[in-house]
Amino acid sequence: MARSSSGFVAGLTAAAVAAVAFLAYQASANVPADLTQPPRTPSTAVPSVSPSGGPKQPAANPLAVPANSGSGERVVYALADRRVWLVDGKGKATRTFTVMPSTVHPAPGAYSVTSRSGSVRGSDGVQIEHVVRFATAEDVAIGFSAAVDGSTPSPDPSKKTGGIRMKRADGDALWMFAVIGAKVVVVA
């Protein structure tokens, strides 16, 4: 009798997990593109009108992978948006996050990860981890990193630095994703 009850409980547990996963999927499919705005239901949605009086085109998702960033698995760094996307082989972003750029910027284009360091002191004197280098500009190595203390302050504009800083959790994710030779695409 104990075996049939444990099988029954296991079946109920599996069904509950499947139901929760389905509901989570449904909820994620209905998240608004801009999380600062409340979600609209179809019955309360009001169509926008452009200044010319015609229907307004919906705004592009600001968190979507930039269209001009190539294809395949890659790290995308948008200079103007101060944002990074980790993109899988199917072109879908697995993670996106904001960064604090350095004072020296890489030119837009495609690069490869050339070196990595687990923990070093940055050119600004801050202890950093998960350094992923991919370019050089103005004789400065450029790469992603996270400060061990979790800070992401603006860099001193009087110094030439190449560290693109991010939060530690984002640095951990990028470290796991961007191995030596991984593609990094920089867009304006």
# chains A, B, ... in the order shown; residues from 1 in each chain; ligands from 1
call {"tool": "residues_around", "arguments": {"residues": "Ser123 of chain A", "least_positions_apart": "4", "cutoff": "12 Å", "atoms": "only C-alpha atoms", "output": "ChimeraX atom specification"}}
result
/A:102-103,127-128,140-143,145,147,155-156,159-164
call {"tool": "write_last_selection", "arguments": {"atoms": "C-alpha atoms", "output": "compact mmCIF listing (two decimals), in the first residue's frame"}}
result
# COMPACT_ATOMS: atom_id res chain seq x y z
CA SER A 102 34.25 53.15 -19.65
CA THR A 103 35.84 56.38 -20.85
CA GLN A 127 39.09 45.26 -7.27
CA ILE A 128 37.11 43.61 -10.10
CA VAL A 140 43.46 50.62 -23.75
CA ALA A 141 42.15 47.08 -23.31
CA ILE A 142 38.35 47.04 -23.34
CA GLY A 143 36.27 44.46 -21.55
CA SER A 145 33.79 43.35 -15.51
CA ALA A 147 33.41 45.44 -9.10
CA PRO A 155 34.33 56.47 -14.45
CA ASP A 156 36.66 59.41 -13.88
CA LYS A 159 41.40 58.78 -16.96
CA LYS A 160 41.53 56.43 -19.94
CA THR A 161 39.75 53.28 -18.79
CA GLY A 162 38.31 50.35 -20.72
CA GLY A 163 36.24 48.58 -18.07
CA ILE A 164 32.54 48.26 -18.90
call {"tool": "residues_around", "arguments": {"residues": "Phe144 of chain A", "least_positions_apart": "6", "cutoff": "8 Å", "atoms": "only C-alpha atoms", "output": "PDB file with N, CA, C and O atoms, in the first residue's frame"}}
result
ATOM      1  N   HIS A 130      35.634  38.628 -12.931  1.00  0.00           N
ATOM      2  CA  HIS A 130      35.014  38.170 -14.169  1.00  0.00           C
ATOM      3  C   HIS A 130      35.254  39.138 -15.321  1.00  0.00           C
ATOM      4  O   HIS A 130      34.323  39.594 -15.984  1.00  0.00           O
ATOM      5  N   VAL A 131      36.525  39.420 -15.566  1.00  0.00           N
ATOM      6  CA  VAL A 131      36.926  40.328 -16.633  1.00  0.00           C
ATOM      7  C   VAL A 131      36.933  39.554 -17.952  1.00  0.00           C
ATOM      8  O   VAL A 131      37.578  38.512 -18.071  1.00  0.00           O
ATOM      9  N   VAL A 132      36.192  40.077 -18.932  1.00  0.00           N
ATOM     10  CA  VAL A 132      36.097  39.465 -20.260  1.00  0.00           C
ATOM     11  C   VAL A 132      36.521  40.532 -21.265  1.00  0.00           C
ATOM     12  O   VAL A 132      35.785  41.464 -21.553  1.00  0.00           O
ATOM     13  N   ARG A 133      37.755  40.403 -21.794  1.00  0.00           N
ATOM     14  CA  ARG A 133      38.315  41.408 -22.707  1.00  0.00           C
ATOM     15  C   ARG A 133      38.044  41.010 -24.161  1.00  0.00           C
ATOM     16  O   ARG A 133      38.166  39.838 -24.514  1.00  0.00           O
ATOM     17  N   GLY A 163      37.121  49.513 -18.779  1.00  0.00           N
ATOM     18  CA  GLY A 163      36.244  48.584 -18.070  1.00  0.00           C
ATOM     19  C   GLY A 163      34.781  48.954 -18.193  1.00  0.00           C
ATOM     20  O   GLY A 163      34.370  50.020 -17.750  1.00  0.00           O
ATOM     21  N   ILE A 164      33.989  48.082 -18.792  1.00  0.00           N
ATOM     22  CA  ILE A 164      32.542  48.261 -18.899  1.00  0.00           C
ATOM     23  C   ILE A 164      31.963  47.521 -17.701  1.00  0.00           C
ATOM     24  O   ILE A 164      31.980  46.296 -17.653  1.00  0.00           O
ATOM     25  N   ARG A 165      31.482  48.268 -16.715  1.00  0.00           N
ATOM     26  CA  ARG A 165      31.081  47.672 -15.439  1.00  0.00           C
ATOM     27  C   ARG A 165      29.608  47.290 -15.408  1.00  0.00           C
ATOM     28  O   ARG A 165      28.767  47.945 -16.009  1.00  0.00           O
ATOM     29  N   MET A 166      29.354  46.225 -14.663  1.00  0.00           N
ATOM     30  CA  MET A 166      27.994  45.726 -14.493  1.00  0.00           C
ATOM     31  C   MET A 166      27.821  45.217 -13.087  1.00  0.00           C
ATOM     32  O   MET A 166      28.796  45.097 -12.341  1.00  0.00           O
ATOM     33  N   GLY A 171      27.639  40.121 -14.166  1.00  0.00           N
ATOM     34  CA  GLY A 171      29.013  39.708 -14.451  1.00  0.00           C
ATOM     35  C   GLY A 171      29.180  38.202 -14.387  1.00  0.00           C
ATOM     36  O   GLY A 171      29.883  37.610 -15.208  1.00  0.00           O
TER      37      GLY A 171
END
call {"tool": "closest_residue", "arguments": {"among": "A:Asp170, A:Met176, A:Arg121, A:Gly70", "to": "Arg83 of chain A", "atoms": "only C-alpha atoms"}}
result
A:Asp170
call {"tool": "closest_residue", "arguments": {"among": "A:Ala178, A:Ala146, A:Val187, A:Met100", "to": "Val75 of chain A", "atoms": "only C-alpha atoms"}}
result
A:Ala178
call {"tool": "residues_around", "arguments": {"residues": "Val185 of chain A", "least_positions_apart": "2", "cutoff": "10 Å", "atoms": "only C-alpha atoms", "output": "ChimeraX atom specification"}}
result
/A:68-71,74-78,84-85,107-112,134,182-183,187
call {"tool": "write_last_selection", "arguments": {"atoms": "N, CA and C atoms", "output": "PDB file, in the first residue's frame"}}
result
ATOM      1  N   ASN A  68      20.471  45.117 -35.917  1.00  0.00           N
ATOM      2  CA  ASN A  68      21.723  45.197 -36.672  1.00  0.00           C
ATOM      3  C   ASN A  68      22.898  44.560 -35.936  1.00  0.00           C
ATOM      4  N   SER A  69      22.614  43.539 -35.115  1.00  0.00           N
ATOM      5  CA  SER A  69      23.679  42.967 -34.279  1.00  0.00           C
ATOM      6  C   SER A  69      24.168  41.602 -34.752  1.00  0.00           C
ATOM      7  N   GLY A  70      23.871  41.238 -35.975  1.00  0.00           N
ATOM      8  CA  GLY A  70      24.372  39.972 -36.497  1.00  0.00           C
ATOM      9  C   GLY A  70      23.462  38.812 -36.161  1.00  0.00           C
ATOM     10  N   SER A  71      24.041  37.614 -36.206  1.00  0.00           N
ATOM     11  CA  SER A  71      23.255  36.415 -35.943  1.00  0.00           C
ATOM     12  C   SER A  71      24.096  35.422 -35.153  1.00  0.00           C
ATOM     13  N   ARG A  74      25.982  35.212 -29.375  1.00  0.00           N
ATOM     14  CA  ARG A  74      26.841  36.390 -29.274  1.00  0.00           C
ATOM     15  C   ARG A  74      26.485  37.224 -28.046  1.00  0.00           C
ATOM     16  N   VAL A  75      27.426  38.089 -27.673  1.00  0.00           N
ATOM     17  CA  VAL A  75      27.192  39.136 -26.693  1.00  0.00           C
ATOM     18  C   VAL A  75      26.993  40.405 -27.513  1.00  0.00           C
ATOM     19  N   VAL A  76      25.920  41.144 -27.256  1.00  0.00           N
ATOM     20  CA  VAL A  76      25.673  42.396 -27.966  1.00  0.00           C
ATOM     21  C   VAL A  76      25.802  43.533 -26.959  1.00  0.00           C
ATOM     22  N   TYR A  77      26.603  44.532 -27.316  1.00  0.00           N
ATOM     23  CA  TYR A  77      26.805  45.703 -26.457  1.00  0.00           C
ATOM     24  C   TYR A  77      26.372  46.934 -27.243  1.00  0.00           C
ATOM     25  N   ALA A  78      25.308  47.603 -26.790  1.00  0.00           N
ATOM     26  CA  ALA A  78      24.807  48.818 -27.431  1.00  0.00           C
ATOM     27  C   ALA A  78      25.368  50.030 -26.689  1.00  0.00           C
ATOM     28  N   VAL A  84      23.661  45.435 -22.479  1.00  0.00           N
ATOM     29  CA  VAL A  84      24.252  44.209 -23.021  1.00  0.00           C
ATOM     30  C   VAL A  84      23.153  43.153 -23.115  1.00  0.00           C
ATOM     31  N   TRP A  85      23.213  42.357 -24.173  1.00  0.00           N
ATOM     32  CA  TRP A  85      22.331  41.199 -24.345  1.00  0.00           C
ATOM     33  C   TRP A  85      23.199  39.965 -24.500  1.00  0.00           C
ATOM     34  N   ALA A 107      34.931  50.679 -31.155  1.00  0.00           N
ATOM     35  CA  ALA A 107      34.190  51.083 -32.349  1.00  0.00           C
ATOM     36  C   ALA A 107      33.125  50.026 -32.629  1.00  0.00           C
ATOM     37  N   PRO A 108      31.976  50.419 -33.187  1.00  0.00           N
ATOM     38  CA  PRO A 108      30.979  49.412 -33.564  1.00  0.00           C
ATOM     39  C   PRO A 108      31.592  48.382 -34.509  1.00  0.00           C
ATOM     40  N   GLY A 109      31.224  47.137 -34.323  1.00  0.00           N
ATOM     41  CA  GLY A 109      31.748  46.054 -35.138  1.00  0.00           C
ATOM     42  C   GLY A 109      31.714  44.740 -34.388  1.00  0.00           C
ATOM     43  N   ALA A 110      32.244  43.704 -35.021  1.00  0.00           N
ATOM     44  CA  ALA A 110      32.271  42.362 -34.426  1.00  0.00           C
ATOM     45  C   ALA A 110      33.664  42.074 -33.887  1.00  0.00           C
ATOM     46  N   TYR A 111      33.710  41.493 -32.700  1.00  0.00           N
ATOM     47  CA  TYR A 111      34.949  41.155 -32.018  1.00  0.00           C
ATOM     48  C   TYR A 111      34.843  39.728 -31.480  1.00  0.00           C
ATOM     49  N   SER A 112      35.940  39.236 -30.934  1.00  0.00           N
ATOM     50  CA  SER A 112      35.957  37.955 -30.226  1.00  0.00           C
ATOM     51  C   SER A 112      36.588  38.164 -28.864  1.00  0.00           C
ATOM     52  N   PHE A 134      37.722  42.020 -24.992  1.00  0.00           N
ATOM     53  CA  PHE A 134      37.399  41.723 -26.383  1.00  0.00           C
ATOM     54  C   PHE A 134      37.920  42.734 -27.396  1.00  0.00           C
ATOM     55  N   ALA A 182      34.385  33.716 -27.973  1.00  0.00           N
ATOM     56  CA  ALA A 182      32.963  34.058 -28.122  1.00  0.00           C
ATOM     57  C   ALA A 182      32.832  35.378 -28.887  1.00  0.00           C
ATOM     58  N   LYS A 183      31.769  35.478 -29.677  1.00  0.00           N
ATOM     59  CA  LYS A 183      31.530  36.677 -30.475  1.00  0.00           C
ATOM     60  C   LYS A 183      30.940  37.789 -29.615  1.00  0.00           C
ATOM     61  N   VAL A 187      27.262  47.700 -31.145  1.00  0.00           N
ATOM     62  CA  VAL A 187      26.432  48.535 -32.010  1.00  0.00           C
ATOM     63  C   VAL A 187      26.361  49.928 -31.417  1.00  0.00           C
TER      64      VAL A 187
END
call {"tool": "select_by_dssp", "arguments": {"residues": "segment 89-169 of chain A", "states": "strand (DSSP E or B)", "output": "ChimeraX atom specification"}}
result
/A:93-98,100,109-112,115-121,127-137,140-147,163-166
call {"tool": "write_last_selection", "arguments": {"atoms": "N, CA and C atoms", "output": "CSV table (one decimal), in the first residue's frame"}}
result
chain,number,residue,atom,x,y,z
A,93,ALA,N,17.4,36.6,-26.8
A,93,ALA,CA,18.2,37.1,-25.6
A,93,ALA,C,17.9,36.2,-24.4
A,94,THR,N,18.9,35.6,-23.8
A,94,THR,CA,18.7,34.9,-22.6
A,94,THR,C,18.8,35.8,-21.4
A,95,ARG,N,19.4,36.9,-21.5
A,95,ARG,CA,19.6,37.9,-20.5
A,95,ARG,C,19.9,39.2,-21.1
A,96,THR,N,19.5,40.3,-20.5
A,96,THR,CA,19.8,41.7,-20.9
A,96,THR,C,20.0,42.5,-19.6
A,97,PHE,N,20.9,43.4,-19.6
A,97,PHE,CA,21.1,44.3,-18.4
A,97,PHE,C,21.9,45.5,-18.8
A,98,THR,N,21.8,46.5,-18.0
A,98,THR,CA,22.5,47.8,-18.2
A,98,THR,C,23.9,47.7,-17.7
A,100,MET,N,27.7,50.3,-17.1
A,100,MET,CA,28.3,51.6,-17.0
A,100,MET,C,29.5,51.6,-17.9
A,109,GLY,N,31.2,47.1,-34.3
A,109,GLY,CA,31.7,46.1,-35.1
A,109,GLY,C,31.7,44.7,-34.4
A,110,ALA,N,32.2,43.7,-35.0
A,110,ALA,CA,32.3,42.4,-34.4
A,110,ALA,C,33.7,42.1,-33.9
A,111,TYR,N,33.7,41.5,-32.7
A,111,TYR,CA,34.9,41.2,-32.0
A,111,TYR,C,34.8,39.7,-31.5
A,112,SER,N,35.9,39.2,-30.9
A,112,SER,CA,36.0,38.0,-30.2
A,112,SER,C,36.6,38.2,-28.9
A,115,SER,N,40.7,37.5,-24.0
A,115,SER,CA,41.3,37.0,-22.7
A,115,SER,C,40.2,37.2,-21.6
A,116,ARG,N,40.5,36.5,-20.5
A,116,ARG,CA,39.6,36.6,-19.3
A,116,ARG,C,40.5,36.5,-18.1
A,117,SER,N,40.0,37.2,-17.0
A,117,SER,CA,40.7,37.1,-15.7
A,117,SER,C,39.6,37.0,-14.6
A,118,GLY,N,39.8,36.1,-13.7
A,118,GLY,CA,38.9,35.8,-12.6
A,118,GLY,C,38.8,37.0,-11.7
A,119,SER,N,39.9,37.6,-11.3
A,119,SER,CA,39.9,38.6,-10.3
A,119,SER,C,41.2,39.4,-10.5
A,120,VAL,N,41.1,40.7,-10.7
A,120,VAL,CA,42.3,41.6,-10.8
A,120,VAL,C,41.9,43.0,-10.3
A,121,ARG,N,42.9,43.9,-10.2
A,121,ARG,CA,42.6,45.3,-9.9
A,121,ARG,C,42.4,46.0,-11.2
A,127,GLN,N,39.0,46.7,-7.1
A,127,GLN,CA,39.1,45.3,-7.3
A,127,GLN,C,37.9,44.8,-8.1
A,128,ILE,N,38.2,44.1,-9.2
A,128,ILE,CA,37.1,43.6,-10.1
A,128,ILE,C,37.2,42.1,-10.3
A,129,GLU,N,36.1,41.5,-10.8
A,129,GLU,CA,36.1,40.1,-11.1
A,129,GLU,C,35.4,39.8,-12.4
A,130,HIS,N,35.6,38.6,-12.9
A,130,HIS,CA,35.0,38.2,-14.2
A,130,HIS,C,35.3,39.1,-15.3
A,131,VAL,N,36.5,39.4,-15.6
A,131,VAL,CA,36.9,40.3,-16.6
A,131,VAL,C,36.9,39.6,-18.0
A,132,VAL,N,36.2,40.1,-18.9
A,132,VAL,CA,36.1,39.5,-20.3
A,132,VAL,C,36.5,40.5,-21.3
A,133,ARG,N,37.8,40.4,-21.8
A,133,ARG,CA,38.3,41.4,-22.7
A,133,ARG,C,38.0,41.0,-24.2
A,134,PHE,N,37.7,42.0,-25.0
A,134,PHE,CA,37.4,41.7,-26.4
A,134,PHE,C,37.9,42.7,-27.4
A,135,ALA,N,38.5,43.9,-27.0
A,135,ALA,CA,38.9,44.9,-27.9
A,135,ALA,C,40.0,45.8,-27.3
A,136,THR,N,40.6,46.5,-28.2
A,136,THR,CA,41.6,47.6,-27.7
A,136,THR,C,41.3,48.8,-28.5
A,137,ALA,N,41.3,50.0,-27.8
A,137,ALA,CA,41.1,51.3,-28.5
A,137,ALA,C,42.0,52.3,-27.7
A,140,VAL,N,44.1,51.1,-25.0
A,140,VAL,CA,43.5,50.6,-23.8
A,140,VAL,C,42.7,49.3,-24.0
A,141,ALA,N,42.9,48.3,-23.2
A,141,ALA,CA,42.2,47.1,-23.3
A,141,ALA,C,40.7,47.3,-22.9
A,142,ILE,N,39.8,46.8,-23.6
A,142,ILE,CA,38.4,47.0,-23.3
A,142,ILE,C,37.7,45.7,-23.0
A,143,GLY,N,36.9,45.7,-21.9
A,143,GLY,CA,36.3,44.5,-21.5
A,143,GLY,C,35.2,44.7,-20.5
A,144,PHE,N,34.4,43.7,-20.3
A,144,PHE,CA,33.4,43.7,-19.3
A,144,PHE,C,33.9,43.2,-17.9
A,145,SER,N,33.4,43.8,-16.8
A,145,SER,CA,33.8,43.3,-15.5
A,145,SER,C,32.8,43.8,-14.5
A,146,ALA,N,32.9,43.3,-13.3
A,146,ALA,CA,32.0,43.7,-12.2
A,146,ALA,C,33.0,44.0,-11.0
A,147,ALA,N,32.7,45.1,-10.3
A,147,ALA,CA,33.4,45.4,-9.1
A,147,ALA,C,33.0,44.5,-8.0
A,163,GLY,N,37.1,49.5,-18.8
A,163,GLY,CA,36.2,48.6,-18.1
A,163,GLY,C,34.8,49.0,-18.2
A,164,ILE,N,34.0,48.1,-18.8
A,164,ILE,CA,32.5,48.3,-18.9
A,164,ILE,C,32.0,47.5,-17.7
A,165,ARG,N,31.5,48.3,-16.7
A,165,ARG,CA,31.1,47.7,-15.4
A,165,ARG,C,29.6,47.3,-15.4
A,166,MET,N,29.4,46.2,-14.7
A,166,MET,CA,28.0,45.7,-14.5
A,166,MET,C,27.8,45.2,-13.1
call {"tool": "atom_distance", "arguments": {"atom1": "atom CA of Gly122 of chain A", "atom2": "atom CA of Glu73 of chain A"}}
result
27.9 Å
call {"tool": "atom_distance", "arguments": {"atom1": "atom CA of Gly125 of chain A", "atom2": "atom CA of Val99 of chain A"}}
result
18.6 Å
call {"tool": "closest_residue", "arguments": {"among": "A:Asp124, A:Asp172, A:Asp139, A:Asp81", "to": "Ala188 of chain A", "atoms": "only C-alpha atoms"}}
result
A:Asp81
call {"tool": "atom_distance", "arguments": {"atom1": "atom CA of Pro106 of chain A", "atom2": "atom CA of Ala80 of chain A"}}
result
12.1 Å
call {"tool": "closest_residue", "arguments": {"among": "A:Ser151, A:Arg82, A:Val113, A:Ala173", "to": "Leu63 of chain A", "atoms": "only C-alpha atoms"}}
result
A:Arg82
